[in-house]
Amino acid sequence: MKKNFNIEKAYYLFLLTRKSEEKIIELYHTDKIKSPVHLSIGQEAIAVGVNMAISEDEVIFSNYRGHAHYIAREANLDRMWAELYGKSRGTARGKGGSMHLNDWSKKFMPTSAIVSSAIPQAVGYAYALKYKNQKGVVICYHGDGATDEGVFWESLNFASLHSLPIIFICENNKYAIYTHQDKRAMNDPIVERARAFGVNANKISGSSAEDFYNATVDCLNDIEKESKPHLIECMCLRWKDHVGVGDARDLNYRNEKEVDEAITNDDLLSLEKKLPKSTVNEIKLKVDSQINNAVRFAEVSDFPEANEIYDNVYG
Amino acid sequence: MDNTLDKKLINYGEALYEACFQEMADDKNVFVYGLGVDDPKGHYGTSKDLHKEYGGKRNFDTPLSEDALTGIGIGAALAGLRPIYVHQRMDFLLLCMNQLVNMAAKIRYISSGEHNVPIVIRAAIGRSWGQGAQHSQSFQSYFMHVPGIKVIAPTTPHDAKGALIASIRDNNPVVFIEHRMLYKNAGYVPSASYEIPFGKGRILREGNDITIVGVSHTVEDSLRAADLLKSEGVNAEVIDPISLSPIDYDLIRGSVSKTKKLLVVDNGWMTCGFSSEIITDIAINCEGIRCQRMGFEETPCPTTPTLEKAFYPNPQSIAITANEMCGGNKKWSPPEVEQHEILSFKGPF
């Protein structure tokens with residue numbers, strides 16, 4: 001496929017993602033959101049870029065820090081908010097919360113809160129595509145923390161062994177909760193190790209949606225020519241706390257300057273500057289209205305009845 | 001279920017092979033994988049040469065990576081396939097626990113029924129000839145504990161075939177427990193395909209004096225114990241629960257309401273085990289039942305024959321316990337019964 005980065009679309013997806021999470025921060029003190037939240041703020045450019053590159057048919061596996069992956073996929077925002085509120089019109093009828101969003105109409109698999117655990121499933125899905133001679137590429141988001149787990153490398157090995165059509169999107173924000181990558185592994189290990197497994201791996205440090213879009217398109221084009229696993233290590237910075245709505249600078253565990261710099265270089269602002277003011281205003285209005293509607297949807301939805309607890313334990 | 005006109009005398013291992021073979025013929029989404037499934041031994045013959053019949057992608061060898069391979073099966077199941085993941089020893093399932101408990105058992109629930117995980121985990125339990133601490137464990141209770149997983153442990157060739165077919169067709173993750181010492185047991189098995197349903201046990205031998213419930217291979221030893229008990233005038237009823245999750249409690253409650261005595265013989269440790277579960281149910285739901293249980297000694301399984309013999313319940317120890325429960329002579333010493341499957345087993349694995 002040709003590269004054709006649509007700035008207007010990128011700005012819309014980015015703003016929708018950012019504003020949705022800012023709304024979570026705004027409302028969190030009300031305790032209406034009945035679940036832990038792992039915010040994506042600061043990392044959204046990755047989800048925006050990836051989602052703009054892939055088609056509607058691509059299946060997505062994500063993780064507990066999955067709001068951006070979900071929202072930038074334009075999965076159902078009303079149902080996401082209802083799920084955050086624990087309501088019966090939520091994506092899991094209130095049984096999942098923020099850490100287990102899902103929307104199959106957008107090929108977005110239920111996310112997992114156990115670090116790295118959805119990764120082999122993404123590989124298994126890719127095996128099934130090959131098994132059934134179906135076209136498609138599986139997208140597997142994970143963090144740098146997931147690469148500490150053995151199952152990640154086991155999964156890469158199998159994906160490579162069977163030449164599977166999968167792109168691992170490694171969001172490297174350098175921290176597993178508050179533990180820096182330097183304390184968990186030898187310097188910069190991800191891309192080199194992935195290559196040793198036969199995975200086509202590249203690191204993208206630019207942190208703009210367009211960079212991630214371009215990198216994803218390159219992978220898709222490669223896979224179109226020859227099925228094999230790819231990995232994009234996407235460098236990013238988490239502006240907020242690991243969990244909850246606090247600030248990354250609150251606990252003095254990291255260099256404040258790098259957070260300030262990342263905020264100054266916010267790709268959302270760069271995109272905004274490239275668009276006519278009228279377009280920006282139009283998109284802002286649209287996004288506000290979408291989010292307000294979603295919050296209202298959550299507010300007016302009912303909680304599930306107690307007798308629903310046994311539903312869907314077994315199929 | 002049974003087509004009596006068309007039955008063959010085959011063994012337990014052959015019954016498992018037949019179930020796989022037939023299901024793979026009927027449904028192109030069924031595939032078998034695991035370490036060595038396509039090697040010359042084909043997991044004790046149960047998957048031998050299936051790849052020659054159905055192609056390499058439907059019966060394939062794997063890296064040892066049990067954690068990832070479980071997740072890969074789950075992912076394939078999410079894509080509509082029906083994977084059967086074969087383990088030569090159940091002990092290795094501990095490497096799969098995260099995927100089975102955190103993922104397979106939860107995905108339907110947290111997707112509000114949008115996704116199912118129809119995966120079968122076949123796990124063989126080892127015993128005898130020095131299997132020792134890490135090749136003999138039987139973890140049925142670990143999986144019975146988890147909502148969202150089904151567990152089945154057939155004893156006879158007939159039930160092995162039907163239970164495996166039912167497991168493959170089931171839309172839930174199933175842990176399918178097969179005991180190495182049952183593989184050579186022969187029985188008449190219908191040639192056609194049929195299902196042994198989950199949640200249904202079977203009375204293998206009727207009796208009025210005591211109910212003995214075994215699990216997998218201890219069902220076999222319980223039947224031998226029942227034979228020994230005849231000389232003491234004790235008629236034991238022997239139940240094979242087959243399905244361990246869900247359990248056919250109605251069958252067991254019905255039996256103990258007649259015999260008033262229940263002996264559970266687990267193929268595993270007793271603490272927090274299968275026997276705890278059955279006896280708890282009877283304590284809550286039935287009145288005036290005398291209960292007793294047996295199982296592995298509360299130690300790792302030792303390797304040397306003299307200690308290994310002390311580790312497992314056996315037909316004599318089961319018979320002695322049952323006889324005492326029935327008020328029989330405490331000094332009764334039944335003759336030793338030949339456990340031919342154990343005596344004849346000489347490895348190498």
# chains A, B, ... in the order shown; residues from 1 in each chain; ligands from 1
>>> interface_residues(of="chain B", to="chain A", cutoff="9 Å", atoms="only C-alpha atoms", output="PyMOL selection string")
chain B and resi 29+57-58+62-81+98-99+102-103+105-117+147-150+170-172
>>> write_last_selection(atoms="N, CA and C atoms", output="compact mmCIF listing (two decimals), in the first residue's frame")
# COMPACT_ATOMS: atom_id res chain seq x y z
N ASN B 29 -11.35 -27.89 11.20
CA ASN B 29 -10.78 -26.93 12.16
C ASN B 29 -10.06 -27.61 13.33
N LYS B 57 0.07 -29.23 9.04
CA LYS B 57 -0.43 -28.12 9.86
C LYS B 57 -1.50 -28.61 10.85
N ARG B 58 -1.96 -29.86 10.70
CA ARG B 58 -3.01 -30.36 11.58
C ARG B 58 -2.51 -31.39 12.60
N THR B 62 6.19 -29.15 18.29
CA THR B 62 6.34 -27.77 18.78
C THR B 62 7.66 -27.60 19.52
N PRO B 63 8.07 -26.33 19.69
CA PRO B 63 9.11 -26.08 20.68
C PRO B 63 8.56 -26.45 22.06
N LEU B 64 9.43 -26.56 23.03
CA LEU B 64 8.94 -26.97 24.36
C LEU B 64 8.13 -25.88 25.06
N SER B 65 8.20 -24.69 24.56
CA SER B 65 7.55 -23.51 25.14
C SER B 65 6.08 -23.70 25.55
N GLU B 66 5.84 -24.42 26.64
CA GLU B 66 4.45 -24.77 27.01
C GLU B 66 3.59 -23.54 27.30
N ASP B 67 4.19 -22.52 27.91
CA ASP B 67 3.44 -21.31 28.23
C ASP B 67 2.89 -20.69 26.94
N ALA B 68 3.79 -20.38 26.01
CA ALA B 68 3.36 -19.75 24.76
C ALA B 68 2.46 -20.68 23.95
N LEU B 69 2.81 -21.95 23.91
CA LEU B 69 2.03 -22.87 23.07
C LEU B 69 0.59 -23.01 23.56
N THR B 70 0.38 -22.86 24.85
CA THR B 70 -0.99 -22.86 25.36
C THR B 70 -1.71 -21.61 24.85
N GLY B 71 -1.03 -20.47 24.96
CA GLY B 71 -1.63 -19.22 24.47
C GLY B 71 -1.87 -19.27 22.97
N ILE B 72 -0.97 -19.89 22.25
CA ILE B 72 -1.12 -20.00 20.79
C ILE B 72 -2.36 -20.84 20.46
N GLY B 73 -2.57 -21.89 21.21
CA GLY B 73 -3.80 -22.69 21.03
C GLY B 73 -5.04 -21.87 21.35
N ILE B 74 -4.97 -21.08 22.39
CA ILE B 74 -6.11 -20.23 22.76
C ILE B 74 -6.39 -19.23 21.63
N GLY B 75 -5.32 -18.64 21.09
CA GLY B 75 -5.49 -17.69 19.99
C GLY B 75 -6.10 -18.35 18.76
N ALA B 76 -5.65 -19.57 18.48
CA ALA B 76 -6.21 -20.30 17.34
C ALA B 76 -7.68 -20.62 17.60
N ALA B 77 -8.00 -20.95 18.85
CA ALA B 77 -9.41 -21.23 19.21
C ALA B 77 -10.26 -19.97 19.05
N LEU B 78 -9.68 -18.82 19.40
CA LEU B 78 -10.42 -17.56 19.23
C LEU B 78 -10.70 -17.29 17.75
N ALA B 79 -9.85 -17.84 16.89
CA ALA B 79 -10.03 -17.65 15.44
C ALA B 79 -10.92 -18.74 14.84
N GLY B 80 -11.52 -19.58 15.68
CA GLY B 80 -12.48 -20.55 15.18
C GLY B 80 -11.94 -21.96 15.00
N LEU B 81 -10.66 -22.17 15.34
CA LEU B 81 -10.12 -23.53 15.22
C LEU B 81 -10.39 -24.30 16.52
N ASN B 98 -0.81 -20.04 33.77
CA ASN B 98 -1.24 -18.66 33.53
C ASN B 98 -2.21 -18.60 32.36
N GLN B 99 -1.83 -19.25 31.27
CA GLN B 99 -2.69 -19.20 30.09
C GLN B 99 -4.02 -19.90 30.34
N ASN B 102 -5.70 -17.74 33.84
CA ASN B 102 -5.93 -16.30 33.66
C ASN B 102 -6.57 -15.97 32.32
N MET B 103 -6.31 -16.78 31.32
CA MET B 103 -6.77 -16.42 29.98
C MET B 103 -7.93 -17.32 29.51
N ALA B 105 -9.82 -19.49 30.82
CA ALA B 105 -11.00 -19.59 31.67
C ALA B 105 -11.76 -18.27 31.79
N LYS B 106 -11.15 -17.17 31.35
CA LYS B 106 -11.75 -15.86 31.57
C LYS B 106 -12.30 -15.18 30.32
N ILE B 107 -11.81 -15.58 29.15
CA ILE B 107 -12.07 -14.78 27.95
C ILE B 107 -13.56 -14.71 27.62
N ARG B 108 -14.26 -15.81 27.79
CA ARG B 108 -15.70 -15.76 27.52
C ARG B 108 -16.39 -14.78 28.48
N TYR B 109 -16.01 -14.87 29.74
CA TYR B 109 -16.66 -14.04 30.77
C TYR B 109 -16.40 -12.56 30.53
N ILE B 110 -15.14 -12.20 30.27
CA ILE B 110 -14.81 -10.78 30.14
C ILE B 110 -15.14 -10.23 28.75
N SER B 111 -15.65 -11.09 27.87
CA SER B 111 -16.13 -10.56 26.58
C SER B 111 -17.64 -10.72 26.50
N SER B 112 -18.24 -10.99 27.65
CA SER B 112 -19.69 -11.09 27.71
C SER B 112 -20.23 -12.09 26.69
N GLY B 113 -19.52 -13.19 26.51
CA GLY B 113 -20.01 -14.26 25.64
C GLY B 113 -19.65 -14.08 24.18
N GLU B 114 -18.92 -13.03 23.85
CA GLU B 114 -18.55 -12.79 22.44
C GLU B 114 -17.58 -13.87 21.93
N HIS B 115 -16.65 -14.29 22.80
CA HIS B 115 -15.63 -15.24 22.38
C HIS B 115 -15.65 -16.52 23.21
N ASN B 116 -15.44 -17.64 22.54
CA ASN B 116 -15.28 -18.92 23.22
C ASN B 116 -13.86 -19.43 23.02
N VAL B 117 -13.44 -20.31 23.92
CA VAL B 117 -12.10 -20.89 23.79
C VAL B 117 -12.21 -22.41 23.76
N PRO B 147 -13.57 -21.83 37.82
CA PRO B 147 -14.75 -21.68 36.97
C PRO B 147 -14.33 -21.32 35.55
N GLY B 148 -14.95 -21.93 34.57
CA GLY B 148 -14.61 -21.63 33.17
C GLY B 148 -13.81 -22.74 32.51
N ILE B 149 -13.33 -23.70 33.33
CA ILE B 149 -12.61 -24.85 32.77
C ILE B 149 -13.40 -26.11 33.07
N LYS B 150 -13.47 -27.01 32.12
CA LYS B 150 -14.06 -28.33 32.36
C LYS B 150 -12.94 -29.36 32.50
N ASP B 170 -16.76 -29.46 22.55
CA ASP B 170 -17.20 -28.52 23.57
C ASP B 170 -16.63 -27.13 23.29
N ASN B 171 -17.39 -26.10 23.64
CA ASN B 171 -16.95 -24.73 23.36
C ASN B 171 -16.11 -24.12 24.47
N ASN B 172 -15.75 -24.92 25.46
CA ASN B 172 -14.98 -24.41 26.60
C ASN B 172 -13.60 -25.04 26.64
>>> select_by_dssp(residues="region 53-204 of chain A", states="helix (DSSP H, G or I)", output="PyMOL selection string")
chain A and resi 53+67-72+77-84+98-100+104-106+119-131+145-148+150-161+181-183+190-196
>>> residues_around(residues="Asn51 (chain A)", least_positions_apart="4", cutoff="7 Å", atoms="only C-alpha atoms", output="list in words")
Ala47, Ala72 and Arg73 of chain A
>>> atom_distance(atom1="CA of Ile119 (chain B)", atom2="CA of Ala166 (chain B)")
11.7 Å
>>> residues_around(residues="region 299-302 of chain A", least_positions_apart="5", cutoff="12 Å", atoms="only C-alpha atoms", output="mmCIF file with N, CA and C atoms, in the first residue's frame")
data_model
loop_
_atom_site.group_PDB
_atom_site.id
_atom_site.type_symbol
_atom_site.label_atom_id
_atom_site.label_comp_id
_atom_site.auth_asym_id
_atom_site.auth_seq_id
_atom_site.Cartn_x
_atom_site.Cartn_y
_atom_site.Cartn_z
ATOM 1 N N LEU A 27 -13.356 13.025 35.830
ATOM 2 C CA LEU A 27 -14.467 12.392 36.556
ATOM 3 C C LEU A 27 -14.018 11.372 37.607
ATOM 4 N N LYS A 32 -17.325 7.265 40.034
ATOM 5 C CA LYS A 32 -18.304 6.603 39.166
ATOM 6 C C LYS A 32 -17.619 5.584 38.258
ATOM 7 N N ILE A 33 -16.319 5.797 38.035
ATOM 8 C CA ILE A 33 -15.553 4.835 37.240
ATOM 9 C C ILE A 33 -15.091 3.755 38.203
ATOM 10 N N ASP A 78 -19.318 4.718 23.452
ATOM 11 C CA ASP A 78 -20.412 4.655 24.438
ATOM 12 C C ASP A 78 -20.241 3.432 25.331
ATOM 13 N N ARG A 79 -19.998 2.316 24.694
ATOM 14 C CA ARG A 79 -19.903 1.058 25.458
ATOM 15 C C ARG A 79 -18.641 1.031 26.314
ATOM 16 N N TRP A 81 -17.369 3.654 27.823
ATOM 17 C CA TRP A 81 -17.687 4.455 29.007
ATOM 18 C C TRP A 81 -18.646 3.709 29.929
ATOM 19 N N ALA A 82 -19.602 3.018 29.334
ATOM 20 C CA ALA A 82 -20.522 2.230 30.170
ATOM 21 C C ALA A 82 -19.753 1.147 30.926
ATOM 22 N N GLU A 83 -18.739 0.589 30.281
ATOM 23 C CA GLU A 83 -17.926 -0.436 30.952
ATOM 24 C C GLU A 83 -17.127 0.175 32.102
ATOM 25 N N LEU A 84 -16.573 1.361 31.873
ATOM 26 C CA LEU A 84 -15.831 2.032 32.950
ATOM 27 C C LEU A 84 -16.747 2.284 34.145
ATOM 28 N N TYR A 85 -18.002 2.547 33.864
ATOM 29 C CA TYR A 85 -18.982 2.806 34.930
ATOM 30 C C TYR A 85 -19.549 1.506 35.517
ATOM 31 N N GLY A 86 -19.164 0.381 34.955
ATOM 32 C CA GLY A 86 -19.672 -0.908 35.446
ATOM 33 C C GLY A 86 -21.109 -1.172 35.052
ATOM 34 N N LYS A 87 -21.535 -0.610 33.936
ATOM 35 C CA LYS A 87 -22.941 -0.709 33.549
ATOM 36 C C LYS A 87 -23.187 -1.864 32.560
ATOM 37 N N SER A 88 -24.470 -2.225 32.477
ATOM 38 C CA SER A 88 -24.792 -3.427 31.701
ATOM 39 C C SER A 88 -24.690 -3.213 30.185
ATOM 40 N N ARG A 89 -24.623 -1.966 29.743
ATOM 41 C CA ARG A 89 -24.416 -1.746 28.309
ATOM 42 C C ARG A 89 -22.925 -1.595 27.968
ATOM 43 N N GLY A 90 -22.071 -1.948 28.922
ATOM 44 C CA GLY A 90 -20.629 -1.876 28.694
ATOM 45 C C GLY A 90 -20.133 -2.994 27.795
ATOM 46 N N ARG A 93 -20.572 -5.993 29.654
ATOM 47 C CA ARG A 93 -21.741 -5.919 30.537
ATOM 48 C C ARG A 93 -21.308 -5.710 31.997
ATOM 49 N N GLY A 94 -20.248 -4.954 32.168
ATOM 50 C CA GLY A 94 -19.798 -4.614 33.514
ATOM 51 C C GLY A 94 -18.877 -5.637 34.155
ATOM 52 N N ASN A 292 -19.110 13.614 25.403
ATOM 53 C CA ASN A 292 -20.234 13.933 26.296
ATOM 54 C C ASN A 292 -21.379 12.940 26.121
ATOM 55 N N ASN A 293 -21.624 12.567 24.886
ATOM 56 C CA ASN A 293 -22.677 11.572 24.641
ATOM 57 C C ASN A 293 -22.331 10.235 25.280
ATOM 58 N N ALA A 294 -21.062 9.861 25.181
ATOM 59 C CA ALA A 294 -20.636 8.570 25.738
ATOM 60 C C ALA A 294 -20.779 8.573 27.260
#
>>> residues_around(residues="Glu338 (chain B)", least_positions_apart="3", cutoff="12 Å", atoms="only C-alpha atoms", output="mmCIF file with N, CA and C atoms, in the first residue's frame")
data_model
loop_
_atom_site.group_PDB
_atom_site.id
_atom_site.type_symbol
_atom_site.label_atom_id
_atom_site.label_comp_id
_atom_site.auth_asym_id
_atom_site.auth_seq_id
_atom_site.Cartn_x
_atom_site.Cartn_y
_atom_site.Cartn_z
ATOM 1 N N GLU B 220 -10.026 -48.281 38.540
ATOM 2 C CA GLU B 220 -9.596 -49.644 38.232
ATOM 3 C C GLU B 220 -9.270 -50.409 39.529
ATOM 4 N N ASP B 221 -8.507 -49.770 40.403
ATOM 5 C CA ASP B 221 -8.143 -50.429 41.662
ATOM 6 C C ASP B 221 -9.355 -50.582 42.585
ATOM 7 N N ARG B 224 -11.062 -53.701 41.574
ATOM 8 C CA ARG B 224 -10.332 -54.868 42.093
ATOM 9 C C ARG B 224 -10.634 -55.047 43.578
ATOM 10 N N ALA B 225 -10.706 -53.911 44.292
ATOM 11 C CA ALA B 225 -11.025 -53.983 45.721
ATOM 12 C C ALA B 225 -12.422 -54.576 45.917
ATOM 13 N N LEU B 228 -12.263 -58.230 45.823
ATOM 14 C CA LEU B 228 -11.722 -58.779 47.071
ATOM 15 C C LEU B 228 -12.788 -58.789 48.171
ATOM 16 N N ASN B 314 -3.908 -49.095 46.992
ATOM 17 C CA ASN B 314 -3.915 -50.257 46.103
ATOM 18 C C ASN B 314 -5.170 -51.083 46.391
ATOM 19 N N PRO B 315 -5.435 -52.084 45.586
ATOM 20 C CA PRO B 315 -6.688 -52.830 45.778
ATOM 21 C C PRO B 315 -6.852 -53.362 47.203
ATOM 22 N N GLN B 316 -5.760 -53.849 47.797
ATOM 23 C CA GLN B 316 -5.869 -54.386 49.164
ATOM 24 C C GLN B 316 -6.179 -53.289 50.167
ATOM 25 N N PRO B 335 -5.751 -61.247 49.805
ATOM 26 C CA PRO B 335 -4.599 -61.626 48.983
ATOM 27 C C PRO B 335 -4.191 -60.474 48.061
ATOM 28 N N GLU B 341 -0.979 -53.974 34.712
ATOM 29 C CA GLU B 341 -0.519 -52.818 33.930
ATOM 30 C C GLU B 341 0.707 -52.169 34.575
ATOM 31 N N ILE B 342 0.783 -52.274 35.900
ATOM 32 C CA ILE B 342 1.927 -51.677 36.601
ATOM 33 C C ILE B 342 3.128 -52.616 36.558
ATOM 34 N N LEU B 343 2.860 -53.902 36.797
ATOM 35 C CA LEU B 343 3.950 -54.879 36.783
ATOM 36 C C LEU B 343 4.605 -54.990 35.404
ATOM 37 N N SER B 344 3.778 -54.890 34.362
ATOM 38 C CA SER B 344 4.314 -55.118 33.017
ATOM 39 C C SER B 344 4.996 -53.882 32.449
#
>>> closest_residue(among="B:Lys8, B:His217, B:Lys200, B:Lys230", to="Tyr249 (chain B)", atoms="only C-alpha atoms")
B:Lys200
>>> residues_around(residues="region 205-211 of chain A", least_positions_apart="5", cutoff="6 Å", atoms="only C-alpha atoms", output="compact mmCIF listing (two decimals) with N, CA and C atoms, in the first residue's frame")
# COMPACT_ATOMS: atom_id res chain seq x y z
N ALA A 45 0.19 8.56 20.11
CA ALA A 45 0.63 8.66 18.72
C ALA A 45 0.82 7.27 18.09
N ILE A 46 1.21 6.31 18.92
CA ILE A 46 1.45 4.96 18.41
C ILE A 46 0.14 4.35 17.90
N VAL A 48 -2.62 5.82 17.18
CA VAL A 48 -3.17 6.59 16.05
C VAL A 48 -2.47 6.18 14.76
N GLY A 49 -1.16 6.15 14.78
CA GLY A 49 -0.40 5.80 13.58
C GLY A 49 -0.70 4.38 13.11
N MET A 235 9.27 4.07 20.78
CA MET A 235 9.69 4.78 21.99
C MET A 235 8.63 5.82 22.35
N ASP A 267 2.81 15.53 20.01
CA ASP A 267 2.48 15.39 18.59
C ASP A 267 1.07 15.90 18.29
>>> closest_residue(among="B:Phe176, B:Tyr85, B:Phe31, B:Trp129", to="Gly347 (chain B)", atoms="only C-alpha atoms")
B:Trp129
>>> residues_around(residues="Pro189 (chain A)", least_positions_apart="3", cutoff="12 Å", atoms="only C-alpha atoms", output="mmCIF file with C-alpha atoms, in the first residue's frame")
data_model
loop_
_atom_site.group_PDB
_atom_site.id
_atom_site.type_symbol
_atom_site.label_atom_id
_atom_site.label_comp_id
_atom_site.auth_asym_id
_atom_site.auth_seq_id
_atom_site.Cartn_x
_atom_site.Cartn_y
_atom_site.Cartn_z
ATOM 1 C CA ASP A 144 8.499 -3.044 27.226
ATOM 2 C CA GLY A 145 7.611 -4.808 30.477
ATOM 3 C CA THR A 147 9.563 -8.341 26.955
ATOM 4 C CA ASP A 148 10.800 -9.304 30.441
ATOM 5 C CA ASN A 172 8.510 1.193 25.117
ATOM 6 C CA LYS A 174 10.831 2.458 29.679
ATOM 7 C CA GLN A 181 14.243 -0.794 31.858
ATOM 8 C CA ASP A 182 17.887 -0.403 32.921
ATOM 9 C CA ARG A 184 15.368 -5.050 34.235
ATOM 10 C CA ALA A 185 17.615 -5.780 31.259
ATOM 11 C CA MET A 186 20.902 -5.015 29.642
ATOM 12 C CA GLU A 192 18.520 -6.896 18.722
ATOM 13 C CA ARG A 193 17.060 -9.867 20.525
ATOM 14 C CA ALA A 194 13.986 -9.896 18.310
ATOM 15 C CA ARG A 195 16.217 -9.949 15.234
ATOM 16 C CA ALA A 196 18.087 -12.911 16.684
ATOM 17 C CA ALA A 201 12.551 -5.543 14.040
ATOM 18 C CA ASN A 202 13.011 -1.784 13.987
ATOM 19 C CA LYS A 203 13.040 0.989 16.526
ATOM 20 C CA GLU A 233 9.760 -0.799 19.032
#
>>> atom_distance(atom1="CA of His38 (chain A)", atom2="CA of Glu308 (chain A)")
26.8 Å
>>> select_by_dssp(residues="region 136-298 of chain B", states="strand (DSSP E)", output="count of residues only")
47
>>> atom_distance(atom1="CA of Phe345 (chain B)", atom2="CA of Gln88 (chain B)")
16.0 Å
